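A short write-up of the structure that comes next.
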Amino acid sequence: MQEIKKQNYLKGAAILAAASIFVKIVGAIYKLPIFNILDDAGVGSFQISYSVYTLIFTIATAGIPAALSRIVSTAAATGKTSLVRMYFSVSLPAFIGIGVVAMAVMFVFADTFAGMMNMSTAAPGIRVLAPAALFSCMISVYRGYAQGFGNMVPTAASQVIEVVCKAAFGIAAAIWLARMGYESGIVSAGAIMGSTIGLGLAIPLLVRYKKKIDGELAPDGGGDALPGRASVFGELMKVSIPITLSAAFMSIMTVIDNSVVVGRLQSALHLSEHAASEQFGIYAKGLTLYQLPPAIVVPVSVSIIPAIAAALARRHDGEAGGIMQSSVKLVNLIAMPAGAGLIVLANPILAALYRDTRQTATTILMILGAASFFVCLQYITTAILQANGHERVALMTFPIGAIVKIAIGYFLAGNPNFGIIASPIGTLSCFVVIAALNITFIMIKVKEKPKFSGVFLKPLLCTAIMGAVAFFTYKLVYLLFSGVLGEGRMAAVAFLAVSMIVSVAVYAVLIIATRAVTKEDMALVPKGEKLAKLLRIR
């Protein structure tokens with residue numbers, strides 16, 4: 001048996017959850033200065049290139065770590081150290097080869113890909129991202145290897161390095177290129193270059209962790225003959241391909257939807273490519289904010305899967321039902337006020353964050369604020385289905401939602417009354433459909449199902465009051481102090497801060513006073529029991 005001290009499962013999950021929240025928040029915040037440097041057309045080019053990057057990164061890093069960690073864990077548990085080493089020695093060169101091919105294709109056919117996205121100015125950004133395809137493949141092998149020993153630190157640490165470098169180098173490059181007078185497509189490519197640099201700099205750290213793990217491996221305890229290298233590669237691909245397709249599905253659909261909407265703006269509304277890029281850039285500004293609430297909810301959805309599965313394995317159906325009930329309620333308590341805040345404060349939020357905003361951007365953010373709640377609801381209901389062994393059912397709902405999104409994008413983007421607003425409407429419709437289907441399947445297939453009426457009513461009431469408080473507080477502060485502070489971005493930040501502090505305080509009092517949150521609910525949050533005791537939540 002290998003002698004590595006495996007991390008506690010929940011500790012490993014907590015490490016990844018903390019890293020995930022940090023990465024997503026920094027990743028969203030990093031776009032704010034970038035979008036203020038770029039004009040709307042440059043933002044459009046950036047977002048199109050970034051959607052390609054997201055797709056590539058998901059394909060390269062979703063399936064391989066999960067598949068490699070599974071087979072490495074099995075071999076390590078039986079003391080087959082030689083087989084563990086062989087898994088890595090086969091995986092790394094194989095996926096380096098795949099990465100090199102992907103890098104070459106991206107670089108050579110960047111103009112073709114940009115043309116398919118109906119935005120030729122995205123080509124420089126795609127070329128800059130070409131090495132990211134290679135780096136992502138290498139990183140996924142090292143992460144999967146470490147995860148096979150239950151060690152989540154290399155994955156978390158490399159994610160942090162990646163996102164910090166992405167932000168630092170991307171912002172610096174964008175500022176320099178903008179000052180040099182380059183066109184927006186080149187500036188956006190410089191901004192996204194930080195992603196490639198961040199991935200490249202994460203590799204040495206992972207190599208160092210891998211050497212440390214190898215140094216702690218025990219002598220080989222198995223005498224069986226090793227399988228052929230082709231057999232090992234085939235086993236790895238058999239496990240990784242379904243996981244990759246599942247994880248990458250929404251990224252693929254997003255890329256298709258972006259292409260369809262931008263194409264319809266040009267063909268149906270007769271906008272020039274530059275004008276269509278400007279419209280898409282306005283939409284991208286709202287996307288940055290809409291992605292923040294789900295970043296907070298994802299760790300909750302990840303943590304409940306093993307908890308529910310363990311309760312079901314012990315035949316504690318009541319306990320499993322209680323966890324599901326609390327998790328849905330907790331997500332509602334987080335996602336509802338976050339979405340409501342984006343809706344009622346959309347205009348001041350945009351005014352505080354961006355130097356140039358349009359009314360269209362406010363409408364887009366309001367729609368995306370509503371969508372953010374349904375994205376969060378989709379995450380938690382999907383996790384409940386997966387924990388109850390209904391993974392295939394959960395996968396069925398995604399294609400239906402994606403088809404709705406693309407169809408709405410196609411038809412509404414060609415209508416002059418909607419235009420780019422078709423994109424957020426499609427996003428909202430997509431996740432409403434997925435969440436509704438998930439809830440329907442939970443009601444049909446899950447034995448100890450959550451009582452959805454009980455987990456929605458109190459959070460909804462508290463959120464409605466909080467939203468009204470946020471809206472009228474901002475209006476009041478604006479009326480009282482705009483004559484003193486003016487109406488610039490700093491004034492908007494000050495007014496917004498007061499509104500948020502007051503509304504959050506009111507919301508906290510409401511959820512405690514109405515017992516919308518209980519001690520059992522808080523148990524799903526890190527240090528939640530101590531927080532519940534401090535706030536006297538029973």
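Going through the structure tokens in order, the chains are called A, B, and so on, while each chain numbers its residues from 1 and the ligands are numbered from 1 in the order shown.
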Just the alpha helix (DSSP H) stuff from stretch 339-463 of chain A, please, per backbone DSSP, written as number ranges by chain. A: 339-344, 346-353, 359-387, 391-413, 422-445, 452-463
Need the shell around A:Pro154: protein/DNA/RNA residues with any atom at most 8 Å away, counting only C-alpha atoms. Skip same-chain ones fewer than 5 positions apart. Format as number ranges by chain? A: 143, 146, 205-206, 209
Using only C-alpha atoms, which of the listed residues (A:Pro93, A:Pro424, A:Gly125, A:Gly263) sits closest to A:Ile364? A:Pro424
Please determine, counting only C-alpha atoms, which residue among A:Ile139, A:Ala168, A:Ala338, A:Ala513 has the shortest atom-to-atom distance to A:Leu368.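 Smallest separation from A:Leu368 among the options: A:Ala338.
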So, with only C-alpha atoms as the atoms that count, which of A:Ala276, A:Ile15, A:Ile192, A:Ala370 lies closest to A:Ser259?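 Checking each of A:Ala276, A:Ile15, A:Ile192, A:Ala370 against A:Ser259, counting only C-alpha atoms, the winner is A:Ala276.
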Kindly give the distance, in Å, that separates atom CA of A:Phe95 and atom CA of A:Ile203, rounded to a single decimal.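 Pair atom CA of A:Phe95 / atom CA of A:Ile203 returns 14.1 Å.
Going from atom CA of A:Gly322 over to atom CA of A:Tyr507, you cover 24.1 Å.
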Using only C-alpha atoms, which of A:Ala104, A:Leu68, A:Val164, A:Ala189 sits nearest A:Gln147?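 Selected residue with least distance to A:Gln147: A:Leu68.
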Of the candidates A:Val23, A:Ala497, A:Val52, A:Ile367, which shows the shortest atom-to-atom distance to A:Met117, using only C-alpha atoms? A:Val52
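The interatomic distance for the pair atom CA of A:Ile186 and atom CA of A:Phe107 works out to 15.2 Å.
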Go through A:Ser326, A:Gln359, A:Ser195, A:Ser51 one by one, measure the shortest atom-to-atom distance of each to A:Val160 using only C-alpha atoms, and give the residue with the smallest value. A:Ser195
Please identify every residue of stretch 131-181 of chain A that has at least one atom no farther than 12 Å from an atom of stretch 228-246 of chain A, counting only C-alpha atoms, and for each give the shortest atom pair and the distance in Å to one decimal, arranged by chain then increasing number, as a tab-separated table.
residue	atom	partner	partner_atom	distance
A:Ser140	CA	A:Ser240	CA	11.3
A:Val141	CA	A:Leu236	CA	10.9
A:Gly144	CA	A:Ser240	CA	11.0
Using C-alpha atoms, can you export the residues from the last selection as a compact mmCIF listing (two decimals), in the first residue's frame?
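What follows is the written file part.txt:
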# COMPACT_ATOMS: atom_id res chain seq x y z
CA SER A 140 -5.29 18.13 -16.60
CA VAL A 141 -2.95 15.11 -16.43
CA GLY A 144 -5.83 14.04 -12.25
Distance query stretch 318-320 of chain A at most 8 Å, only C-alpha atoms, self and fewer than 2 positions along chain excluded, as an NGL selection string: :A and (307-309 or 311-312 or 316 or 322-324 or 448)
Could you list, as an NGL selection string, every residue within 12 Å of stretch 31-39 of chain A, counting only C-alpha atoms and ignoring same-chain residues fewer than 6 positions away? :A and (24-25 or 45-47 or 50 or 163 or 166-179 or 181-192 or 194-195 or 274-275 or 277-289 or 291 or 349-357)
